[in-house]
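J.: One file is attached below, input_4.pdb, containing PDB, C-alpha atoms and all ligand atoms.
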```pdb
ATOM      1  CA  MET A  17      54.107 -27.053  85.501  1.00  0.00           C
ATOM      2  CA  THR A  18      53.721 -25.481  88.935  1.00  0.00           C
ATOM      3  CA  ARG A  19      50.088 -25.549  90.015  1.00  0.00           C
ATOM      4  CA  LEU A  20      48.671 -23.304  92.719  1.00  0.00           C
ATOM      5  CA  ILE A  21      45.244 -23.069  94.287  1.00  0.00           C
ATOM      6  CA  VAL A  22      44.328 -19.391  94.639  1.00  0.00           C
ATOM      7  CA  GLY A  23      41.442 -18.531  96.943  1.00  0.00           C
ATOM      8  CA  LEU A  24      39.933 -15.041  96.940  1.00  0.00           C
ATOM      9  CA  SER A  25      37.715 -14.227  99.922  1.00  0.00           C
ATOM     10  CA  GLY A  26      35.694 -11.161 100.823  1.00  0.00           C
ATOM     11  CA  ALA A  27      38.226  -9.063 102.724  1.00  0.00           C
ATOM     12  CA  SER A  28      39.336  -5.660 101.551  1.00  0.00           C
ATOM     13  CA  GLY A  29      42.408  -5.763  99.298  1.00  0.00           C
ATOM     14  CA  ILE A  30      40.959  -7.959  96.568  1.00  0.00           C
ATOM     15  CA  ILE A  31      43.505  -6.359  94.207  1.00  0.00           C
ATOM     16  CA  TYR A  32      46.228  -8.482  95.888  1.00  0.00           C
ATOM     17  CA  GLY A  33      44.506 -11.642  94.671  1.00  0.00           C
ATOM     18  CA  ILE A  34      43.884 -10.256  91.202  1.00  0.00           C
ATOM     19  CA  ARG A  35      47.532  -9.241  90.869  1.00  0.00           C
ATOM     20  CA  LEU A  36      48.695 -12.689  92.021  1.00  0.00           C
ATOM     21  CA  LEU A  37      46.594 -14.313  89.289  1.00  0.00           C
ATOM     22  CA  GLU A  38      48.030 -11.903  86.716  1.00  0.00           C
ATOM     23  CA  VAL A  39      51.643 -12.542  87.767  1.00  0.00           C
ATOM     24  CA  ALA A  40      51.158 -16.321  87.978  1.00  0.00           C
ATOM     25  CA  ARG A  41      49.964 -16.292  84.386  1.00  0.00           C
ATOM     26  CA  GLU A  42      53.010 -14.236  83.306  1.00  0.00           C
ATOM     27  CA  LEU A  43      55.301 -16.715  85.099  1.00  0.00           C
ATOM     28  CA  GLY A  44      53.636 -19.714  83.423  1.00  0.00           C
ATOM     29  CA  ILE A  45      52.170 -20.993  86.700  1.00  0.00           C
ATOM     30  CA  GLY A  46      48.836 -22.822  86.525  1.00  0.00           C
ATOM     31  CA  THR A  47      46.122 -21.541  88.853  1.00  0.00           C
ATOM     32  CA  ASP A  48      42.980 -23.144  90.239  1.00  0.00           C
ATOM     33  CA  LEU A  49      40.798 -20.232  91.311  1.00  0.00           C
ATOM     34  CA  ILE A  50      38.098 -20.353  93.992  1.00  0.00           C
ATOM     35  CA  MET A  51      36.238 -17.100  94.745  1.00  0.00           C
ATOM     36  CA  THR A  52      33.673 -16.698  97.492  1.00  0.00           C
ATOM     37  CA  GLY A  53      30.489 -14.770  96.753  1.00  0.00           C
ATOM     38  CA  THR A  54      31.728 -11.838  98.827  1.00  0.00           C
ATOM     39  CA  ALA A  55      35.051 -11.834  96.939  1.00  0.00           C
ATOM     40  CA  GLU A  56      33.086 -11.324  93.708  1.00  0.00           C
ATOM     41  CA  GLU A  57      31.307  -8.375  95.344  1.00  0.00           C
ATOM     42  CA  MET A  58      34.629  -6.934  96.536  1.00  0.00           C
ATOM     43  CA  ILE A  59      35.958  -6.992  92.963  1.00  0.00           C
ATOM     44  CA  VAL A  60      33.139  -4.674  91.929  1.00  0.00           C
ATOM     45  CA  ILE A  61      33.346  -2.534  95.098  1.00  0.00           C
ATOM     46  CA  GLU A  62      37.125  -2.020  95.095  1.00  0.00           C
ATOM     47  CA  THR A  63      38.352  -2.291  91.498  1.00  0.00           C
ATOM     48  CA  SER A  64      37.409  -1.527  87.923  1.00  0.00           C
ATOM     49  CA  TYR A  65      37.445  -5.263  87.055  1.00  0.00           C
ATOM     50  CA  GLN A  66      34.379  -7.448  86.677  1.00  0.00           C
ATOM     51  CA  PRO A  67      34.355 -10.931  88.267  1.00  0.00           C
ATOM     52  CA  GLU A  68      34.234 -12.461  84.772  1.00  0.00           C
ATOM     53  CA  GLU A  69      37.500 -10.750  83.819  1.00  0.00           C
ATOM     54  CA  VAL A  70      39.165 -12.082  86.981  1.00  0.00           C
ATOM     55  CA  ARG A  71      37.912 -15.597  86.246  1.00  0.00           C
ATOM     56  CA  LYS A  72      39.590 -15.417  82.829  1.00  0.00           C
ATOM     57  CA  MET A  73      42.974 -14.754  84.475  1.00  0.00           C
ATOM     58  CA  ALA A  74      42.972 -18.229  86.054  1.00  0.00           C
ATOM     59  CA  THR A  75      43.788 -21.508  84.349  1.00  0.00           C
ATOM     60  CA  ARG A  76      40.720 -23.156  85.877  1.00  0.00           C
ATOM     61  CA  VAL A  77      37.839 -21.827  87.944  1.00  0.00           C
ATOM     62  CA  HIS A  78      35.963 -23.800  90.612  1.00  0.00           C
ATOM     63  CA  GLU A  79      32.687 -22.674  92.177  1.00  0.00           C
ATOM     64  CA  SER A  80      32.971 -22.184  95.931  1.00  0.00           C
ATOM     65  CA  SER A  81      29.707 -24.103  96.397  1.00  0.00           C
ATOM     66  CA  ASP A  82      30.950 -27.135  94.426  1.00  0.00           C
ATOM     67  CA  MET A  83      31.957 -29.759  96.971  1.00  0.00           C
ATOM     68  CA  THR A  84      32.226 -32.354  94.185  1.00  0.00           C
ATOM     69  CA  SER A  85      35.253 -30.505  92.766  1.00  0.00           C
ATOM     70  CA  PRO A  86      38.586 -32.406  92.658  1.00  0.00           C
ATOM     71  CA  LEU A  87      39.925 -29.666  94.970  1.00  0.00           C
ATOM     72  CA  ALA A  88      37.688 -31.008  97.754  1.00  0.00           C
ATOM     73  CA  SER A  89      39.930 -34.074  97.953  1.00  0.00           C
ATOM     74  CA  GLY A  90      43.267 -34.283  99.733  1.00  0.00           C
ATOM     75  CA  GLY A  91      44.476 -36.329  96.767  1.00  0.00           C
ATOM     76  CA  TYR A  92      44.486 -33.265  94.489  1.00  0.00           C
ATOM     77  CA  ARG A  93      48.104 -32.470  93.696  1.00  0.00           C
ATOM     78  CA  HIS A  94      49.381 -28.893  93.807  1.00  0.00           C
ATOM     79  CA  GLU A  95      52.437 -26.981  94.971  1.00  0.00           C
ATOM     80  CA  GLY A  96      50.596 -24.718  97.393  1.00  0.00           C
ATOM     81  CA  MET A  97      47.428 -22.830  98.205  1.00  0.00           C
ATOM     82  CA  VAL A  98      47.139 -19.093  98.837  1.00  0.00           C
ATOM     83  CA  VAL A  99      44.089 -17.303 100.224  1.00  0.00           C
ATOM     84  CA  ILE A 100      44.568 -13.668  99.270  1.00  0.00           C
ATOM     85  CA  PRO A 101      42.984 -11.614 100.714  1.00  0.00           C
ATOM     86  CA  CYS A 102      41.782 -13.788 103.569  1.00  0.00           C
ATOM     87  CA  SER A 103      38.827 -12.558 105.613  1.00  0.00           C
ATOM     88  CA  MET A 104      38.578 -13.173 109.357  1.00  0.00           C
ATOM     89  CA  LYS A 105      35.520 -15.313 108.669  1.00  0.00           C
ATOM     90  CA  THR A 106      37.504 -17.589 106.348  1.00  0.00           C
ATOM     91  CA  ILE A 107      40.413 -17.618 108.827  1.00  0.00           C
ATOM     92  CA  ALA A 108      37.939 -18.724 111.530  1.00  0.00           C
ATOM     93  CA  GLY A 109      36.431 -21.414 109.317  1.00  0.00           C
ATOM     94  CA  ILE A 110      39.805 -22.905 108.400  1.00  0.00           C
ATOM     95  CA  ALA A 111      41.053 -22.647 112.005  1.00  0.00           C
ATOM     96  CA  CYS A 112      38.177 -24.799 113.280  1.00  0.00           C
ATOM     97  CA  GLY A 113      37.966 -27.178 110.365  1.00  0.00           C
ATOM     98  CA  PHE A 114      34.537 -25.819 109.423  1.00  0.00           C
ATOM     99  CA  ALA A 115      34.853 -26.495 105.712  1.00  0.00           C
ATOM    100  CA  ASP A 116      31.442 -25.438 104.434  1.00  0.00           C
ATOM    101  CA  ASN A 117      32.646 -24.042 101.112  1.00  0.00           C
ATOM    102  CA  LEU A 118      35.217 -25.293  98.602  1.00  0.00           C
ATOM    103  CA  LEU A 119      37.790 -22.662  99.549  1.00  0.00           C
ATOM    104  CA  MET A 120      37.798 -23.714 103.209  1.00  0.00           C
ATOM    105  CA  ARG A 121      37.704 -27.410 102.291  1.00  0.00           C
ATOM    106  CA  ALA A 122      40.727 -27.040  99.947  1.00  0.00           C
ATOM    107  CA  ALA A 123      42.607 -25.194 102.726  1.00  0.00           C
ATOM    108  CA  ASP A 124      41.647 -27.945 105.196  1.00  0.00           C
ATOM    109  CA  CYS A 125      43.030 -30.520 102.736  1.00  0.00           C
ATOM    110  CA  ALA A 126      46.265 -28.529 102.278  1.00  0.00           C
ATOM    111  CA  LEU A 127      46.804 -28.637 106.052  1.00  0.00           C
ATOM    112  CA  LYS A 128      46.004 -32.317 106.468  1.00  0.00           C
ATOM    113  CA  GLU A 129      48.223 -33.263 103.508  1.00  0.00           C
ATOM    114  CA  LYS A 130      51.048 -31.019 104.792  1.00  0.00           C
ATOM    115  CA  ARG A 131      51.033 -28.898 101.642  1.00  0.00           C
ATOM    116  CA  LEU A 132      51.961 -25.201 101.689  1.00  0.00           C
ATOM    117  CA  LEU A 133      49.095 -22.979 102.815  1.00  0.00           C
ATOM    118  CA  ILE A 134      49.658 -19.220 102.726  1.00  0.00           C
ATOM    119  CA  LEU A 135      46.959 -17.026 104.278  1.00  0.00           C
ATOM    120  CA  VAL A 136      47.025 -13.277 103.610  1.00  0.00           C
ATOM    121  CA  PRO A 137      44.701 -11.761 106.230  1.00  0.00           C
ATOM    122  CA  ARG A 138      43.454  -8.176 105.963  1.00  0.00           C
ATOM    123  CA  GLU A 139      41.779  -6.715 108.980  1.00  0.00           C
ATOM    124  CA  THR A 140      42.555  -3.918 111.424  1.00  0.00           C
ATOM    125  CA  PRO A 141      42.476  -3.740 114.351  1.00  0.00           C
ATOM    126  CA  ILE A 142      42.439  -7.427 115.168  1.00  0.00           C
ATOM    127  CA  ASN A 143      40.763  -8.875 118.246  1.00  0.00           C
ATOM    128  CA  GLN A 144      41.766 -11.779 120.477  1.00  0.00           C
ATOM    129  CA  ILE A 145      39.605 -14.224 118.524  1.00  0.00           C
ATOM    130  CA  HIS A 146      41.375 -13.294 115.273  1.00  0.00           C
ATOM    131  CA  LEU A 147      44.764 -13.626 116.965  1.00  0.00           C
ATOM    132  CA  ARG A 148      43.861 -16.995 118.479  1.00  0.00           C
ATOM    133  CA  ASN A 149      42.630 -18.321 115.144  1.00  0.00           C
ATOM    134  CA  MET A 150      45.786 -17.185 113.384  1.00  0.00           C
ATOM    135  CA  LEU A 151      47.962 -18.782 116.069  1.00  0.00           C
ATOM    136  CA  SER A 152      46.047 -22.076 115.679  1.00  0.00           C
ATOM    137  CA  LEU A 153      46.642 -21.937 111.947  1.00  0.00           C
ATOM    138  CA  ALA A 154      50.332 -21.134 112.315  1.00  0.00           C
ATOM    139  CA  ASN A 155      50.634 -24.054 114.755  1.00  0.00           C
ATOM    140  CA  ALA A 156      48.896 -26.286 112.206  1.00  0.00           C
ATOM    141  CA  GLY A 157      51.483 -25.369 109.564  1.00  0.00           C
ATOM    142  CA  ALA A 158      49.958 -22.416 107.681  1.00  0.00           C
ATOM    143  CA  VAL A 159      52.008 -19.330 106.820  1.00  0.00           C
ATOM    144  CA  ILE A 160      50.288 -16.167 108.084  1.00  0.00           C
ATOM    145  CA  LEU A 161      51.373 -13.390 105.743  1.00  0.00           C
ATOM    146  CA  PRO A 162      49.498 -10.202 106.706  1.00  0.00           C
ATOM    147  CA  ALA A 163      48.651  -7.752 103.930  1.00  0.00           C
ATOM    148  CA  SER A 164      50.916  -5.109 105.442  1.00  0.00           C
ATOM    149  CA  PRO A 165      53.390  -3.951 102.784  1.00  0.00           C
ATOM    150  CA  GLY A 166      56.825  -2.638 103.680  1.00  0.00           C
ATOM    151  CA  PHE A 167      58.118   0.770 102.675  1.00  0.00           C
ATOM    152  CA  TYR A 168      61.871   0.149 102.636  1.00  0.00           C
ATOM    153  CA  HIS A 169      61.822  -0.349  98.869  1.00  0.00           C
ATOM    154  CA  ARG A 170      60.388   3.211  98.512  1.00  0.00           C
ATOM    155  CA  PRO A 171      57.127   2.393  96.688  1.00  0.00           C
ATOM    156  CA  GLU A 172      55.831   5.366  94.695  1.00  0.00           C
ATOM    157  CA  THR A 173      52.451   3.946  93.707  1.00  0.00           C
ATOM    158  CA  ILE A 174      49.722   1.688  95.066  1.00  0.00           C
ATOM    159  CA  ASP A 175      50.923  -0.887  92.539  1.00  0.00           C
ATOM    160  CA  GLY A 176      54.300  -0.837  94.307  1.00  0.00           C
ATOM    161  CA  LEU A 177      52.599  -1.668  97.618  1.00  0.00           C
ATOM    162  CA  VAL A 178      50.478  -4.418  96.076  1.00  0.00           C
ATOM    163  CA  ASP A 179      53.488  -5.939  94.322  1.00  0.00           C
ATOM    164  CA  HIS A 180      55.402  -6.085  97.600  1.00  0.00           C
ATOM    165  CA  ILE A 181      52.751  -8.329  99.184  1.00  0.00           C
ATOM    166  CA  VAL A 182      52.381 -10.445  96.046  1.00  0.00           C
ATOM    167  CA  GLY A 183      56.192 -10.771  95.919  1.00  0.00           C
ATOM    168  CA  LYS A 184      56.342 -11.839  99.572  1.00  0.00           C
ATOM    169  CA  THR A 185      53.634 -14.414  98.825  1.00  0.00           C
ATOM    170  CA  LEU A 186      55.710 -15.796  95.935  1.00  0.00           C
ATOM    171  CA  ASP A 187      58.753 -15.852  98.258  1.00  0.00           C
ATOM    172  CA  SER A 188      56.805 -18.077 100.652  1.00  0.00           C
ATOM    173  CA  LEU A 189      55.994 -20.365  97.727  1.00  0.00           C
ATOM    174  CA  ARG A 190      59.729 -20.394  96.746  1.00  0.00           C
ATOM    175  CA  ILE A 191      58.868 -18.966  93.313  1.00  0.00           C
ATOM    176  CA  ASP A 192      61.420 -16.610  91.672  1.00  0.00           C
ATOM    177  CA  HIS A 193      60.150 -13.160  90.712  1.00  0.00           C
ATOM    178  CA  GLN A 194      61.074  -9.513  90.290  1.00  0.00           C
ATOM    179  CA  MET A 195      58.089  -8.016  92.097  1.00  0.00           C
ATOM    180  CA  TYR A 196      60.036  -5.777  94.450  1.00  0.00           C
ATOM    181  CA  ARG A 197      63.579  -4.593  95.035  1.00  0.00           C
ATOM    182  CA  ARG A 198      65.172  -6.667  97.791  1.00  0.00           C
ATOM    183  CA  TRP A 199      66.887  -4.999 100.697  1.00  0.00           C
ATOM    184  CA  GLU A 200      70.635  -4.999 100.087  1.00  0.00           C
ATOM    185  CA  GLY A 201      71.702  -3.001 103.106  1.00  0.00           C
ATOM    186  CA  TYR A 202      71.648   0.709 103.765  1.00  0.00           C
ATOM    187  CA  ARG A 203      73.747   2.816 101.408  1.00  0.00           C
ATOM    188  CA  PRO A 204      73.640   6.493 102.354  1.00  0.00           C
ATOM    189  CA  ALA A 205      73.553   8.820  99.309  1.00  0.00           C
TER     190      ALA A 205
HETATM  191  C1  LIG B 301      33.418  -3.195 102.030  1.00  0.00           C
HETATM  192  C2  LIG B 301      33.737  -4.389 102.888  1.00  0.00           C
HETATM  193  C3  LIG B 301      35.010  -4.555 103.377  1.00  0.00           C
HETATM  194  C4  LIG B 301      35.310  -5.647 104.186  1.00  0.00           C
HETATM  195  N1  LIG B 301      36.606  -5.795 104.604  1.00  0.00           N
HETATM  196  C5  LIG B 301      36.932  -6.855 105.356  1.00  0.00           C
HETATM  197  C6  LIG B 301      38.287  -7.028 105.747  1.00  0.00           C
HETATM  198  O1  LIG B 301      39.191  -6.276 105.385  1.00  0.00           O
HETATM  199  N2  LIG B 301      38.582  -8.111 106.500  1.00  0.00           N
HETATM  200  C7  LIG B 301      37.630  -9.020 106.897  1.00  0.00           C
HETATM  201  O2  LIG B 301      37.979  -9.980 107.577  1.00  0.00           O
HETATM  202  N3  LIG B 301      36.328  -8.872 106.520  1.00  0.00           N
HETATM  203  C8  LIG B 301      35.958  -7.815 105.766  1.00  0.00           C
HETATM  204  N4  LIG B 301      34.651  -7.659 105.362  1.00  0.00           N
HETATM  205  C9  LIG B 301      33.648  -8.608 105.861  1.00  0.00           C
HETATM  206  C10 LIG B 301      33.588  -9.900 105.017  1.00  0.00           C
HETATM  207  O3  LIG B 301      33.267  -9.574 103.682  1.00  0.00           O
HETATM  208  C11 LIG B 301      32.536 -10.840 105.598  1.00  0.00           C
HETATM  209  O4  LIG B 301      32.955 -11.329 106.858  1.00  0.00           O
HETATM  210  C12 LIG B 301      32.218 -12.007 104.687  1.00  0.00           C
HETATM  211  O5  LIG B 301      31.246 -12.826 105.323  1.00  0.00           O
HETATM  212  C13 LIG B 301      33.434 -12.828 104.331  1.00  0.00           C
HETATM  213  O6  LIG B 301      33.030 -13.957 103.621  1.00  0.00           O
HETATM  214  P1  LIG B 301      34.047 -14.923 102.867  1.00  0.00           P
HETATM  215  O7  LIG B 301      35.229 -15.114 103.761  1.00  0.00           O
HETATM  216  O8  LIG B 301      33.270 -16.181 102.660  1.00  0.00           O
HETATM  217  O9  LIG B 301      34.399 -14.268 101.576  1.00  0.00           O
HETATM  218  C14 LIG B 301      34.319  -6.579 104.540  1.00  0.00           C
HETATM  219  C15 LIG B 301      33.039  -6.423 104.021  1.00  0.00           C
HETATM  220  C16 LIG B 301      32.745  -5.342 103.207  1.00  0.00           C
HETATM  221  C17 LIG B 301      31.362  -5.210 102.636  1.00  0.00           C
END
```
Mind turning the file's structure into structure tokens?
Ligand SMILES: Cc1cc2nc3c(=O)[nH]c(=O)nc-3n(C[C@H](O)[C@H](O)[C@H](O)COP(=O)(O)O)c2cc1C
T.:
Amino acid sequence: MTRLIVGLSGASGIIYGIRLLEVARELGIGTDLIMTGTAEEMIVIETSYQPEEVRKMATRVHESSDMTSPLASGGYRHEGMVVIPCSMKTIAGIACGFADNLLMRAADCALKEKRLLILVPRETPINQIHLRNMLSLANAGAVILPASPGFYHRPETIDGLVDHIVGKTLDSLRIDHQMYRRWEGYRPA
């Protein structure tokens, strides 16, 4: 079974993370969920879900304060880690190896073990510090996948925009899906 670590941090766009958990379950992919305290607040601020409902979407849940978790070790085997959405604070922490919660420690381990690490930042505008941190992370092997959906597939709903980013995330993980219609060239009507 494919096993992913899914980190939810306290940036806007928490629905991206919730949708990824939902789709992973539909695809039979196991998920280890880590939510920061602010991510739990964002669920209530931005959606009609409760944190408890989101926890139930994951295969396993790990407290972000629990540094004794198996996920705090580089020996924990998984096919990739996604932080979606990823706040600039969490980006900064991972970029400098400041692993003071389980989410940042698991990301640190993914980098040192050369496992896939996909970061889905959401911030605008972005300053030089954000850019520098993201460049450091890209240089260290992370995939920076900004939460900026495309429009070429003609989304008609917010769900269509969310699914585009979740689909691109699955693409980076090399997982097959039908989340969005792929570009097949321009065919005038
Ligand atoms: C309503 C709201 C929206 C926010 N949106 C963002 C955002 O889009 N990007 C970001 O980097 N931080 C955002 N923040 C700030 C983060 O929540 C804050 O930096 C927090 O410390 C992140 O902690 P975490 O990364 O441990 O979850 C937002 C905060 C609030 C209250």
J.: Distance limit 6 Å, reference ligand LIG 301 (chain B), atoms considered: only C-alpha atoms and all ligand atoms. Which residues make the cut? Give them as number ranges by chain.
T.: A: 25-28, 52, 54-55, 103-106, 138-139
J.: Choose the residue, out of A:Glu68, A:Gly29, A:Ser81, A:Ile45, that has the smallest atom-to-atom separation from Ser164 of chain A; count all atoms listed in the file.
T.: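 Of the candidates, the smallest distance to Ser164 of chain A is held by A:Gly29.
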J.: Hey, which of A:Arg121, A:Gly96, A:Val60, A:Ile134 ends up closest to Thr84 of chain A? Count only C-alpha atoms.
T.: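 Checking each candidate against Thr84 of chain A, we get A:Arg121 as the closest.
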J.: Taking only C-alpha atoms into account, which of A:Cys125, A:Met73, A:Ile191, A:Leu147 comes nearest Ala88 of chain A?
T.: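 Residue with the minimum atom-to-atom distance to Ala88 of chain A: A:Cys125.
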J.: Expand the PyMOL selection byres (((chain A and resi 179) around 12) and not hetatm) into the explicit residue set it covers here, and present it as a ChimeraX atom specification.
T.: /A:31-39,163-167,169,171-178,180-187,193-197
J.: Those residues with C-alpha atoms, as a compact mmCIF listing (two decimals), keeping the file's coordinate frame please?
T.:
```txt
# COMPACT_ATOMS: atom_id res chain seq x y z
CA ILE A 31 43.50 -6.36 94.21
CA TYR A 32 46.23 -8.48 95.89
CA GLY A 33 44.51 -11.64 94.67
CA ILE A 34 43.88 -10.26 91.20
CA ARG A 35 47.53 -9.24 90.87
CA LEU A 36 48.70 -12.69 92.02
CA LEU A 37 46.59 -14.31 89.29
CA GLU A 38 48.03 -11.90 86.72
CA VAL A 39 51.64 -12.54 87.77
CA ALA A 163 48.65 -7.75 103.93
CA SER A 164 50.92 -5.11 105.44
CA PRO A 165 53.39 -3.95 102.78
CA GLY A 166 56.82 -2.64 103.68
CA PHE A 167 58.12 0.77 102.68
CA HIS A 169 61.82 -0.35 98.87
CA PRO A 171 57.13 2.39 96.69
CA GLU A 172 55.83 5.37 94.70
CA THR A 173 52.45 3.95 93.71
CA ILE A 174 49.72 1.69 95.07
CA ASP A 175 50.92 -0.89 92.54
CA GLY A 176 54.30 -0.84 94.31
CA LEU A 177 52.60 -1.67 97.62
CA VAL A 178 50.48 -4.42 96.08
CA HIS A 180 55.40 -6.08 97.60
CA ILE A 181 52.75 -8.33 99.18
CA VAL A 182 52.38 -10.44 96.05
CA GLY A 183 56.19 -10.77 95.92
CA LYS A 184 56.34 -11.84 99.57
CA THR A 185 53.63 -14.41 98.82
CA LEU A 186 55.71 -15.80 95.94
CA ASP A 187 58.75 -15.85 98.26
CA HIS A 193 60.15 -13.16 90.71
CA GLN A 194 61.07 -9.51 90.29
CA MET A 195 58.09 -8.02 92.10
CA TYR A 196 60.04 -5.78 94.45
CA ARG A 197 63.58 -4.59 95.04
```
J.: Could you state the separation of atom CA of Pro86 of chain A and atom CA of Val98 of chain A in Å, given to one decimal place?
T.: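 Computing it gives 17.0 Å between the two atoms.
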J.: Could you check the closest approach to Arg19 of chain A for each of A:Glu69, A:Glu42, A:Glu56, A:Glu95 and tell me which residue wins, using all atoms listed in the file?
T.: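 Once distances to Arg19 of chain A are computed over all atoms listed in the file, the minimum belongs to A:Glu95.
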J.: Would you pick out the contacts of Val22 of chain A at 6 Å or less, using only C-alpha atoms, so that residues sharing its chain but fewer than 5 positions from it are not included, and give the list as an MDAnalysis selection string?
T.: chainID A and resid 48:49 97:99
J.: Quick check, in Å to one decimal: how far apart do atom CA of Gly23 of chain A and atom CA of Leu135 of chain A lie?
T.: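 Interatomic distance here is 9.3 Å.
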